[in-house]
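Novice: My structure is stored as target24.tsv, with TSV, C-alpha atoms.
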```
chain	number	residue	atom	x	y	z
A	1	MET	CA	108.50	231.31	-73.02
A	2	SER	CA	107.82	228.08	-71.15
A	3	LYS	CA	107.53	224.77	-72.94
A	4	THR	CA	103.78	224.35	-72.40
A	5	VAL	CA	103.00	227.87	-73.62
A	6	ARG	CA	105.11	227.32	-76.70
A	7	ARG	CA	103.46	223.98	-77.43
A	8	ARG	CA	99.98	225.47	-77.03
A	9	LEU	CA	100.87	228.40	-79.26
A	10	PHE	CA	102.10	225.94	-81.90
A	11	LEU	CA	98.95	223.80	-81.67
A	12	LEU	CA	96.77	226.89	-82.03
A	13	SER	CA	98.65	228.22	-85.06
A	14	ALA	CA	98.93	224.74	-86.56
A	15	ALA	CA	95.15	224.39	-86.34
A	16	VAL	CA	94.69	227.74	-88.11
A	17	VAL	CA	97.22	226.77	-90.81
A	18	ALA	CA	95.62	223.34	-91.21
A	19	VAL	CA	92.14	224.79	-91.71
A	20	ALA	CA	93.35	227.47	-94.13
A	21	PHE	CA	95.45	224.93	-96.05
A	22	PHE	CA	92.54	222.49	-96.33
A	23	TRP	CA	90.33	225.28	-97.60
A	24	ALA	CA	92.96	226.31	-100.14
A	25	CYS	CA	93.38	222.69	-101.31
A	26	LEU	CA	89.67	222.47	-102.09
A	27	GLY	CA	90.15	225.35	-104.55
A	28	LEU	CA	93.07	223.72	-106.37
A	29	PRO	CA	92.55	221.94	-109.69
A	30	GLY	CA	91.90	218.26	-108.88
A	31	PHE	CA	94.78	215.84	-108.35
A	32	GLY	CA	95.78	214.26	-111.66
A	33	THR	CA	93.99	216.83	-113.79
A	34	ALA	CA	94.67	216.62	-117.53
A	35	ARG	CA	94.94	220.41	-117.87
A	36	HIS	CA	98.45	221.75	-117.33
A	37	PRO	CA	98.76	224.91	-119.45
A	38	TYR	CA	102.36	225.70	-118.46
A	39	GLY	CA	103.41	222.07	-118.59
A	40	SER	CA	102.00	221.49	-122.07
A	41	ARG	CA	103.69	224.61	-123.44
A	42	ALA	CA	106.98	223.67	-121.78
A	43	VAL	CA	106.80	220.17	-123.27
A	44	ASP	CA	106.12	221.59	-126.77
A	45	THR	CA	109.01	224.05	-126.46
A	46	GLY	CA	111.35	221.37	-125.10
A	47	VAL	CA	110.59	219.07	-128.04
A	48	ASP	CA	111.01	222.02	-130.45
A	49	GLN	CA	114.42	222.70	-128.90
A	50	ARG	CA	115.22	218.99	-129.44
A	51	THR	CA	115.86	218.32	-125.77
A	52	ALA	CA	114.44	214.88	-124.94
A	53	ASN	CA	114.51	215.49	-121.19
A	54	VAL	CA	112.03	218.35	-120.89
A	55	VAL	CA	112.98	219.02	-117.27
A	56	SER	CA	116.54	219.76	-118.43
A	57	SER	CA	115.15	221.93	-121.21
A	58	ILE	CA	113.28	224.00	-118.62
A	59	ASN	CA	116.21	224.22	-116.23
A	60	PHE	CA	118.97	224.98	-118.69
A	61	ASP	CA	117.16	226.59	-121.62
A	62	GLN	CA	113.68	227.96	-120.98
A	63	ARG	CA	114.39	229.07	-117.41
A	64	ALA	CA	118.20	229.09	-117.51
A	65	PHE	CA	118.39	232.49	-115.85
A	66	ASP	CA	116.52	231.06	-112.87
A	67	THR	CA	119.04	228.21	-112.68
A	68	LEU	CA	121.87	230.75	-112.72
A	69	GLY	CA	120.42	232.15	-109.49
A	70	GLU	CA	120.05	228.65	-108.05
A	71	GLU	CA	123.64	227.85	-108.87
A	72	SER	CA	124.78	231.12	-107.29
A	73	ILE	CA	122.98	230.11	-104.09
A	74	LEU	CA	125.00	226.90	-104.06
A	75	PHE	CA	128.21	228.82	-104.69
A	76	ALA	CA	127.41	231.29	-101.92
A	77	ALA	CA	126.54	228.48	-99.50
A	78	VAL	CA	129.86	226.72	-100.14
A	79	LEU	CA	131.64	230.02	-99.60
A	80	GLY	CA	129.65	230.63	-96.41
A	81	ALA	CA	130.46	227.19	-95.01
A	82	VAL	CA	134.17	227.65	-95.79
A	83	VAL	CA	134.17	230.99	-93.96
A	84	LEU	CA	132.13	229.70	-90.99
A	85	LEU	CA	134.21	226.56	-90.53
A	86	ARG	CA	137.68	228.06	-90.97
A	87	ARG	CA	140.13	227.23	-88.23
A	88	ALA	CA	139.86	229.76	-85.43
A	89	ARG	CA	142.78	231.19	-83.48
A	90	ASP	CA	142.19	229.01	-80.44
A	91	GLU	CA	142.07	225.79	-82.46
A	92	ARG	CA	144.96	223.67	-83.53
A	93	ARG	CA	145.39	221.01	-86.15
A	94	GLU	CA	145.50	217.43	-85.01
A	95	GLU	CA	147.19	214.75	-87.05
A	96	PRO	CA	144.41	212.44	-88.28
A	97	ARG	CA	144.83	208.93	-86.96
A	98	PRO	CA	144.75	206.14	-89.53
A	99	GLY	CA	141.68	203.97	-89.07
A	100	ARG	CA	141.42	200.22	-89.51
A	101	VAL	CA	139.47	199.12	-92.56
A	102	LEU	CA	138.24	195.59	-93.18
A	103	PRO	CA	139.67	194.08	-96.39
A	104	PRO	CA	136.20	193.48	-97.98
A	105	THR	CA	135.31	197.16	-97.40
A	106	ARG	CA	138.57	198.19	-99.01
A	107	LEU	CA	137.93	195.94	-102.01
A	108	LEU	CA	134.37	197.17	-102.41
A	109	GLY	CA	135.53	200.79	-102.29
A	110	LEU	CA	138.26	200.10	-104.83
A	111	VAL	CA	135.76	198.53	-107.23
A	112	LEU	CA	132.99	201.06	-106.67
A	113	LEU	CA	135.08	204.26	-106.82
A	114	PRO	CA	135.72	204.22	-110.62
A	115	ILE	CA	132.19	202.93	-111.32
A	116	THR	CA	130.61	205.72	-109.27
A	117	LEU	CA	132.75	208.40	-110.91
A	118	LEU	CA	131.84	207.00	-114.34
A	119	VAL	CA	128.14	207.02	-113.45
A	120	GLY	CA	128.51	210.64	-112.31
A	121	VAL	CA	130.07	211.69	-115.61
A	122	TYR	CA	127.39	209.73	-117.51
A	123	ILE	CA	124.57	211.44	-115.60
A	124	VAL	CA	126.08	214.89	-116.27
A	125	ALA	CA	126.69	214.17	-119.96
A	126	HIS	CA	123.22	212.69	-120.60
A	127	GLY	CA	121.31	215.46	-118.81
A	128	GLN	CA	119.55	216.47	-122.03
A	129	LEU	CA	118.50	212.88	-122.86
A	130	SER	CA	117.65	211.01	-119.68
A	131	PRO	CA	116.74	211.93	-116.11
A	132	GLY	CA	119.70	213.60	-114.48
A	133	GLY	CA	121.90	216.54	-115.29
A	134	GLY	CA	124.57	218.74	-113.81
A	135	PHE	CA	123.18	218.94	-110.29
A	136	GLN	CA	122.49	215.23	-109.84
A	137	GLY	CA	125.66	214.06	-111.60
A	138	GLY	CA	127.79	216.56	-109.71
A	139	VAL	CA	126.57	215.23	-106.38
A	140	ILE	CA	127.26	211.63	-107.50
A	141	LEU	CA	130.80	212.63	-108.52
A	142	ALA	CA	131.42	214.34	-105.19
A	143	VAL	CA	130.00	211.51	-103.10
A	144	GLY	CA	131.81	208.88	-105.16
A	145	LEU	CA	135.13	210.45	-104.33
A	146	HIS	CA	134.39	210.05	-100.63
A	147	LEU	CA	134.35	206.27	-101.07
A	148	ALA	CA	138.10	206.73	-100.66
A	149	TYR	CA	137.45	207.97	-97.12
A	150	VAL	CA	135.11	205.10	-96.27
A	151	ALA	CA	137.15	202.35	-97.88
A	152	ALA	CA	140.67	203.61	-97.29
A	153	ASP	CA	141.72	206.46	-95.08
A	154	TYR	CA	141.39	210.19	-94.53
A	155	ARG	CA	144.92	210.77	-95.78
A	156	VAL	CA	144.17	208.92	-99.03
A	157	LEU	CA	141.13	211.16	-99.50
A	158	CYS	CA	143.29	214.25	-98.90
A	159	ARG	CA	145.74	213.07	-101.54
A	160	ILE	CA	143.11	212.57	-104.27
A	161	ARG	CA	141.28	215.78	-103.34
A	162	PRO	CA	143.42	218.87	-103.87
A	163	LEU	CA	141.19	221.53	-102.32
A	164	TRP	CA	142.89	224.52	-103.95
A	165	LEU	CA	142.20	222.97	-107.37
A	166	LEU	CA	138.59	222.06	-106.54
A	167	GLY	CA	137.92	225.52	-105.14
A	168	THR	CA	139.19	226.99	-108.40
A	169	LEU	CA	137.09	224.55	-110.46
A	170	ASP	CA	134.04	225.54	-108.42
A	171	ALA	CA	134.57	229.17	-109.39
A	172	VAL	CA	135.37	228.22	-113.00
A	173	GLY	CA	132.10	226.24	-113.26
A	174	ALA	CA	130.07	229.13	-111.84
A	175	GLY	CA	131.87	231.58	-114.15
A	176	ALA	CA	131.41	229.35	-117.19
A	177	PHE	CA	127.61	229.42	-116.73
A	178	THR	CA	127.66	233.23	-116.73
A	179	ALA	CA	130.06	233.31	-119.68
A	180	LEU	CA	127.85	230.95	-121.73
A	181	GLY	CA	125.01	233.43	-121.23
A	182	LEU	CA	127.22	236.30	-122.36
A	183	ALA	CA	128.25	234.31	-125.46
A	184	GLY	CA	124.62	234.50	-126.54
A	185	LEU	CA	124.74	238.30	-126.35
A	186	LEU	CA	127.74	238.34	-128.72
A	187	THR	CA	125.74	236.49	-131.38
A	188	GLY	CA	122.85	238.91	-131.04
A	189	ALA	CA	120.60	236.59	-129.01
A	190	ALA	CA	119.24	237.29	-125.53
A	191	TYR	CA	121.17	236.47	-122.37
A	192	LEU	CA	121.29	232.65	-121.94
A	193	GLU	CA	119.23	232.16	-125.09
A	194	ASN	CA	119.93	228.87	-126.83
A	195	PHE	CA	121.93	230.14	-129.82
A	196	LEU	CA	123.82	226.95	-130.75
A	197	PRO	CA	122.67	224.51	-133.47
A	198	LEU	CA	120.09	222.22	-131.85
A	199	GLY	CA	121.30	218.93	-133.36
A	200	THR	CA	119.26	215.75	-133.85
A	201	PHE	CA	116.56	214.88	-131.34
A	202	GLY	CA	117.70	212.13	-128.98
A	203	ARG	CA	121.42	212.41	-129.77
A	204	LEU	CA	124.13	213.24	-127.25
A	205	SER	CA	124.87	216.47	-129.11
A	206	SER	CA	121.24	217.64	-129.15
A	207	GLY	CA	119.82	220.53	-127.18
A	208	GLY	CA	122.30	223.23	-128.21
A	209	LEU	CA	123.43	225.06	-125.08
A	210	VAL	CA	121.86	222.55	-122.66
A	211	PRO	CA	124.74	220.01	-122.51
A	212	LEU	CA	127.30	222.80	-122.15
A	213	ILE	CA	125.48	224.44	-119.24
A	214	ASN	CA	124.97	220.97	-117.76
A	215	ALA	CA	128.73	220.39	-117.87
A	216	ALA	CA	129.43	223.76	-116.23
A	217	VAL	CA	126.88	223.03	-113.50
A	218	GLY	CA	128.23	219.50	-113.03
A	219	LEU	CA	131.74	220.89	-112.57
A	220	GLU	CA	130.55	223.50	-110.11
A	221	VAL	CA	128.31	221.21	-108.07
A	222	GLY	CA	130.84	218.38	-107.99
A	223	SER	CA	133.75	220.48	-106.81
A	224	GLY	CA	131.53	222.64	-104.59
A	225	VAL	CA	130.12	219.66	-102.71
A	226	ILE	CA	133.61	218.17	-102.25
A	227	VAL	CA	134.84	221.49	-100.79
A	228	LEU	CA	131.73	221.66	-98.58
A	229	VAL	CA	132.13	218.12	-97.24
A	230	ALA	CA	135.85	218.79	-96.76
A	231	GLN	CA	135.03	221.59	-94.30
A	232	PHE	CA	132.88	219.26	-92.19
A	233	LEU	CA	135.41	216.41	-92.35
A	234	ASP	CA	138.15	218.83	-91.36
A	235	GLN	CA	136.12	219.78	-88.28
A	236	ALA	CA	135.49	216.15	-87.37
A	237	VAL	CA	138.92	214.67	-88.07
A	238	GLU	CA	141.56	217.37	-87.93
A	239	THR	CA	140.44	220.23	-85.74
A	240	ALA	CA	140.98	220.16	-82.00
A	241	SER	CA	138.82	222.89	-80.56
A	242	PRO	CA	138.78	224.13	-76.96
A	243	ALA	CA	135.14	223.03	-76.71
A	244	ASP	CA	136.20	219.40	-76.94
A	245	ARG	CA	138.40	219.64	-73.86
A	246	PRO	CA	136.87	219.69	-70.39
A	247	ARG	CA	135.76	223.25	-69.85
A	248	LYS	CA	137.27	225.39	-67.15
A	249	PRO	CA	134.78	227.18	-64.92
A	250	GLU	CA	134.16	230.57	-66.48
A	251	VAL	CA	135.47	233.61	-64.68
A	252	SER	CA	133.06	236.47	-64.78
B	1	MET	CA	89.40	211.77	-102.37
B	2	THR	CA	91.35	213.95	-104.72
B	3	VAL	CA	92.78	216.41	-102.20
B	4	LEU	CA	94.56	213.74	-100.17
B	5	PRO	CA	98.04	214.21	-101.78
B	6	PHE	CA	97.88	217.94	-101.09
B	7	LEU	CA	96.84	217.32	-97.50
B	8	ALA	CA	99.76	214.91	-97.09
B	9	ALA	CA	102.09	217.78	-97.97
B	10	GLY	CA	100.43	219.98	-95.34
B	11	TRP	CA	100.76	217.20	-92.78
B	12	ILE	CA	104.50	216.74	-93.47
B	13	PHE	CA	104.99	220.50	-93.13
B	14	LEU	CA	103.23	220.67	-89.76
B	15	ALA	CA	105.11	217.60	-88.50
B	16	GLY	CA	108.40	219.30	-89.37
B	17	VAL	CA	107.41	222.56	-87.68
B	18	TYR	CA	106.26	220.63	-84.58
B	19	GLY	CA	109.70	219.03	-84.42
B	20	MET	CA	111.39	222.43	-84.64
B	21	VAL	CA	109.17	223.92	-81.93
B	22	THR	CA	109.81	221.11	-79.45
B	23	SER	CA	113.45	220.47	-80.39
B	24	HIS	CA	116.16	220.15	-77.73
B	25	ASN	CA	119.02	219.86	-80.15
B	26	LEU	CA	119.94	222.23	-82.95
B	27	VAL	CA	121.04	219.37	-85.24
B	28	HIS	CA	117.60	217.83	-84.71
B	29	ALA	CA	116.00	221.21	-85.43
B	30	VAL	CA	117.89	221.47	-88.73
B	31	GLY	CA	116.66	217.96	-89.59
B	32	CYS	CA	113.10	219.02	-88.79
B	33	LEU	CA	113.49	222.05	-91.04
B	34	SER	CA	114.45	219.65	-93.85
B	35	VAL	CA	111.31	217.61	-93.13
B	36	ALA	CA	109.15	220.75	-93.24
B	37	GLN	CA	110.82	221.79	-96.46
B	38	SER	CA	110.38	218.39	-98.07
B	39	SER	CA	106.63	218.93	-97.87
B	40	THR	CA	107.04	221.38	-100.73
B	41	TYR	CA	108.38	218.57	-102.95
B	42	VAL	CA	105.25	216.54	-102.27
B	43	LEU	CA	103.02	219.56	-102.92
B	44	LEU	CA	104.81	220.52	-106.16
B	45	LEU	CA	104.79	216.99	-107.57
B	46	ALA	CA	101.14	216.53	-106.56
B	47	VAL	CA	100.21	219.75	-108.38
B	48	GLY	CA	102.00	218.56	-111.53
B	49	TYR	CA	100.59	215.05	-111.61
B	50	ARG	CA	98.46	213.99	-114.57
B	51	SER	CA	96.50	210.75	-114.36
B	52	GLY	CA	97.98	207.94	-116.44
B	53	ALA	CA	100.95	210.02	-117.56
B	54	THR	CA	104.63	209.23	-117.35
B	55	ALA	CA	107.91	211.12	-116.83
B	56	PRO	CA	108.53	214.06	-119.21
B	57	VAL	CA	111.53	212.40	-120.87
B	58	PHE	CA	111.11	211.56	-124.55
B	59	SER	CA	114.23	209.44	-125.08
B	60	ASP	CA	112.21	206.25	-125.47
B	61	LEU	CA	108.73	207.73	-125.66
B	62	PRO	CA	106.89	208.95	-128.76
B	63	THR	CA	106.45	212.72	-128.66
B	64	GLY	CA	102.90	213.65	-127.89
B	65	SER	CA	102.32	210.95	-125.27
B	66	PRO	CA	100.83	212.25	-122.02
B	67	VAL	CA	103.50	213.33	-119.52
B	68	VAL	CA	103.31	214.95	-116.10
B	69	ASP	CA	103.99	218.68	-115.74
B	70	PRO	CA	107.78	219.21	-116.13
B	71	VAL	CA	107.68	222.79	-114.81
B	72	VAL	CA	106.99	221.73	-111.22
B	73	GLN	CA	109.67	219.04	-111.50
B	74	ALA	CA	112.19	221.72	-112.43
B	75	LEU	CA	110.97	223.75	-109.45
B	76	ALA	CA	111.39	220.70	-107.20
B	77	LEU	CA	115.00	220.41	-108.40
B	78	THR	CA	115.63	224.04	-107.41
B	79	ASP	CA	113.95	223.28	-104.11
B	80	VAL	CA	116.20	220.28	-103.42
B	81	VAL	CA	119.37	222.22	-104.24
B	82	VAL	CA	118.44	225.21	-102.10
B	83	GLY	CA	117.34	222.90	-99.26
B	84	ALA	CA	120.60	220.94	-99.30
B	85	THR	CA	122.79	224.05	-99.31
B	86	LEU	CA	120.69	225.63	-96.56
B	87	THR	CA	121.08	222.51	-94.41
B	88	ALA	CA	124.86	222.59	-94.92
B	89	LEU	CA	125.05	226.26	-93.96
B	90	LEU	CA	122.85	225.80	-90.88
B	91	LEU	CA	124.89	222.79	-89.74
B	92	SER	CA	128.08	224.80	-89.96
B	93	LEU	CA	126.40	227.47	-87.81
B	94	VAL	CA	125.51	224.72	-85.32
B	95	ILE	CA	129.16	223.64	-85.21
B	96	GLN	CA	130.16	227.23	-84.42
B	97	ILE	CA	127.50	227.51	-81.71
B	98	ARG	CA	128.74	224.28	-80.15
B	99	LYS	CA	132.29	225.63	-80.16
B	100	ARG	CA	131.47	229.04	-78.75
B	101	SER	CA	128.88	228.13	-76.15
B	102	GLY	CA	129.52	224.43	-75.51
B	103	THR	CA	125.91	223.37	-76.08
B	104	VAL	CA	123.50	222.63	-78.91
B	105	ASP	CA	120.36	222.86	-76.80
B	106	PRO	CA	118.42	225.95	-77.88
B	107	GLU	CA	116.92	226.15	-74.37
B	108	ALA	CA	120.39	226.57	-72.87
B	109	LEU	CA	121.36	229.32	-75.28
B	110	THR	CA	120.37	232.36	-73.29
B	111	GLY	CA	121.78	235.83	-73.53
B	112	LEU	CA	124.06	237.33	-76.12
B	113	LYS	CA	127.81	237.09	-75.94
B	114	GLY	CA	130.06	239.76	-77.34
```
Show me, as structure tokens, the structure contained in the file I just sent.
Specialist:
Amino acid sequence: MSKTVRRRLFLLSAAVVAVAFFWACLGLPGFGTARHPYGSRAVDTGVDQRTANVVSSINFDQRAFDTLGEESILFAAVLGAVVLLRRARDERREEPRPGRVLPPTRLLGLVLLPITLLVGVYIVAHGQLSPGGGFQGGVILAVGLHLAYVAADYRVLCRIRPLWLLGTLDAVGAGAFTALGLAGLLTGAAYLENFLPLGTFGRLSSGGLVPLINAAVGLEVGSGVIVLVAQFLDQAVETASPADRPRKPEVS
Amino acid sequence: MTVLPFLAAGWIFLAGVYGMVTSHNLVHAVGCLSVAQSSTYVLLLAVGYRSGATAPVFSDLPTGSPVVDPVVQALALTDVVVGATLTALLLSLVIQIRKRSGTVDPEALTGLKG
């Protein structure tokens, strides 16, 4: 298909989509409407379950089974990236060259690394109280660790990032979520039903199962993202692939 | 005009799809897919908005005060997670394509290789 034909086809279909979408928008409840039947019920249930952050209550209590699927998608994607980016037979490992880092960058990284990791743990632990939770905190933890790469060196990052351990923790986090659901079955509740004592509203220990699932998700997301980024860094820093060398004319 | 936020979501979606259609670089195409996907965040949050309401977090808010719809916010979180993992997976596919065929231009990728 030539470029002009493709562009015209897009413009035609975009026009159809635009008209249909506009028409559909006119039928939606108005922007900022006060009537949110699902939202109001979810807020009431979240407060009943003594989870101050209602979004966390939905994710890890009211719709926890849905989040289990979401977390499995993340696990499968990490697995897929590891398989896709494994070192092929025609590739060899190159020794990463140490890079030069300016002293202020090094200092900033040194100061920020523990602060970022602490913030990550805080966000995971306070998922039931304030905006945040396992997914957000896990990503902060994973990204914070990579300050070592920016501020120091690839080899330093490799030393503080044992991939075999993080891969195991990823699986443990994913398994812990499933196991927490099964624990409910043992007590006679439904799968992933909040069977623990709910605690006092607004306290760190409130929400019953929510902080535990948050911790499992934080563990899984944190280690999963580190493993994921490690695959890309490995491609960029360590792997010498035949595609990077000048290509020989192909014999056919 | 009360439909404007919804229309903004539609506009972002079409802009992303336009980028994918005219893309000459698979990394750029993956970026455009993310743009198209981010329109769903705007649409979800626009659907859940309530005039004069605040975030559905009651840590420092009396219970019963008006808050925006938390259900769509939870959906947006799912959306973000799935979008990020999808981008990672697609980018690793792009790396493989670059290795096996030496190009990331979708126009230059013709024919199947065994």
Novice: Compile a residue-level contact table for chain A against chain B at a cut-off of 7 Å, reporting for every qualifying residue the shortest atom pair and its distance in Å to one decimal, with all atoms listed in the file counted, rows ordered by chain and ascending number, as CSV.
Specialist:
```
residue,atom,partner,partner_atom,distance
A:Ala14,CA,B:Leu14,CA,6.7
A:Phe22,CA,B:Leu7,CA,6.8
A:Cys25,CA,B:Val3,CA,6.4
A:Leu26,CA,B:Val3,CA,6.8
A:Gly30,CA,B:Thr2,CA,6.0
A:Phe31,CA,B:Thr2,CA,5.3
A:Gly32,CA,B:Arg50,CA,4.0
A:Thr33,CA,B:Arg50,CA,5.4
A:Ala34,CA,B:Arg50,CA,5.5
A:His36,CA,B:Asp69,CA,6.5
A:Gly39,CA,B:Asp69,CA,4.5
A:Ala52,CA,B:Phe58,CA,4.7
A:Asn53,CA,B:Val57,CA,4.3
A:Val54,CA,B:Pro56,CA,5.8
A:Val55,CA,B:Pro70,CA,5.3
A:Ile58,CA,B:Ala74,CA,6.7
A:Asn59,CA,B:Ala74,CA,6.1
A:Glu70,CA,B:Thr78,CA,6.4
A:Ile73,CA,B:Val82,CA,7.0
A:Leu74,CA,B:Thr85,CA,6.0
A:Ala77,CA,B:Thr85,CA,5.8
A:Gly80,CA,B:Leu89,CA,6.8
A:Ala81,CA,B:Leu89,CA,5.6
A:Leu84,CA,B:Ser92,CA,6.4
A:Leu85,CA,B:Ser92,CA,6.4
A:Leu129,CA,B:Ser59,CA,5.9
A:Ser130,CA,B:Val57,CA,6.4
A:Gly202,CA,B:Ser59,CA,5.9
A:Ala243,CA,B:Lys99,CA,5.2
```
Novice: Could you work out an axis-aligned box for region 24-27 of chain A, taking every atom the file lists and adding 5 Å on each side, and report centre and edge lengths in Å to one decimal, as AutoDock Vina command-line options?
Specialist:
```
--center_x 91.5 --center_y 224.4 --center_z -102.3 --size_x 13.7 --size_y 13.8 --size_z 14.4
```
Novice: Give me, as a PyMOL selection string, all polymer residues having an atom no more than 6 Å from region 90-105 of chain A, counting only C-alpha atoms and skipping those fewer than 3 positions away in the same chain.
Specialist: chain A and resi 108+151+237-241
Novice: Next, write the just-selected residues to a file, as a PDB file, keeping the file's coordinate frame, keeping C-alpha atoms as the atom set.
Specialist:
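See selection-v3.pdb below for the written result:
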```pdb
ATOM      1  CA  LEU A 108     134.370 197.170-102.410  1.00  0.00           C
ATOM      2  CA  ALA A 151     137.150 202.350 -97.880  1.00  0.00           C
ATOM      3  CA  VAL A 237     138.920 214.670 -88.070  1.00  0.00           C
ATOM      4  CA  GLU A 238     141.560 217.370 -87.930  1.00  0.00           C
ATOM      5  CA  THR A 239     140.440 220.230 -85.740  1.00  0.00           C
ATOM      6  CA  ALA A 240     140.980 220.160 -82.000  1.00  0.00           C
ATOM      7  CA  SER A 241     138.820 222.890 -80.560  1.00  0.00           C
TER       8      SER A 241
END
```
Novice: So how many Å separate CA of Asp48 (chain A) and CA of Leu192 (chain A), to one decimal?
Specialist: 17.1 Å
Novice: Counting only C-alpha atoms, I want the residues whose atoms come within 12 Å of (133.5, 222.7, -97.5) in the file frame, returned as a PyMOL selection string.
Specialist: (chain A and resi 74-86+142+161+163-164+166-167+170+221-235) or (chain B and resi 85+88-89+91-92)
Novice: Using all atoms listed in the file for the distances, tell me which of A:Val43, A:Val16, A:Val124, A:Leu28 is nearest to Gly218 (chain A).
Specialist: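 With all atoms listed in the file as the atom set, the closest residue is A:Val124.
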Novice: Quick one: residues within 7 Å of Met20 (chain B), all atoms listed in the file counted, chain neighbours fewer than 4 positions away excluded, as a PyMOL selection string?
Specialist: chain B and resi 16+29+32-33
Novice: Could you add the missing atoms to region 62-78 of chain B, up to N, CA and C atoms, and return them as a CSV table (one decimal), keeping the file's coordinate frame?
Specialist:
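Result written to result10.csv:
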```csv
chain,number,residue,atom,x,y,z
B,62,PRO,N,107.3,208.1,-127.6
B,62,PRO,CA,106.9,209.0,-128.8
B,62,PRO,C,106.5,210.3,-128.3
B,63,THR,N,106.9,211.4,-129.0
B,63,THR,CA,106.4,212.7,-128.7
B,63,THR,C,104.9,212.8,-128.8
B,64,GLY,N,104.3,213.5,-127.9
B,64,GLY,CA,102.9,213.6,-127.9
B,64,GLY,C,102.2,212.7,-126.9
B,65,SER,N,103.0,211.8,-126.3
B,65,SER,CA,102.3,211.0,-125.3
B,65,SER,C,102.1,211.8,-124.0
B,66,PRO,N,101.1,211.4,-123.2
B,66,PRO,CA,100.8,212.2,-122.0
B,66,PRO,C,102.0,212.2,-121.0
B,67,VAL,N,102.5,213.3,-120.5
B,67,VAL,CA,103.5,213.3,-119.5
B,67,VAL,C,103.0,214.3,-118.4
B,68,VAL,N,103.6,214.1,-117.2
B,68,VAL,CA,103.3,215.0,-116.1
B,68,VAL,C,104.0,216.3,-116.3
B,69,ASP,N,103.5,217.3,-115.5
B,69,ASP,CA,104.0,218.7,-115.7
B,69,ASP,C,105.5,218.8,-115.4
B,70,PRO,N,106.3,219.1,-116.4
B,70,PRO,CA,107.8,219.2,-116.1
B,70,PRO,C,108.2,220.5,-115.4
B,71,VAL,N,107.3,221.5,-115.4
B,71,VAL,CA,107.7,222.8,-114.8
B,71,VAL,C,107.8,222.6,-113.3
B,72,VAL,N,106.9,221.9,-112.7
B,72,VAL,CA,107.0,221.7,-111.2
B,72,VAL,C,108.2,220.8,-110.9
B,73,GLN,N,108.5,219.9,-111.8
B,73,GLN,CA,109.7,219.0,-111.5
B,73,GLN,C,110.9,219.9,-111.5
B,74,ALA,N,111.0,220.8,-112.4
B,74,ALA,CA,112.2,221.7,-112.4
B,74,ALA,C,112.2,222.6,-111.1
B,75,LEU,N,111.0,223.0,-110.7
B,75,LEU,CA,111.0,223.8,-109.4
B,75,LEU,C,111.4,222.9,-108.3
B,76,ALA,N,111.0,221.6,-108.3
B,76,ALA,CA,111.4,220.7,-107.2
B,76,ALA,C,112.9,220.5,-107.2
B,77,LEU,N,113.5,220.5,-108.4
B,77,LEU,CA,115.0,220.4,-108.4
B,77,LEU,C,115.6,221.6,-107.7
B,78,THR,N,115.1,222.8,-108.1
B,78,THR,CA,115.6,224.0,-107.4
B,78,THR,C,115.5,223.9,-105.9
```
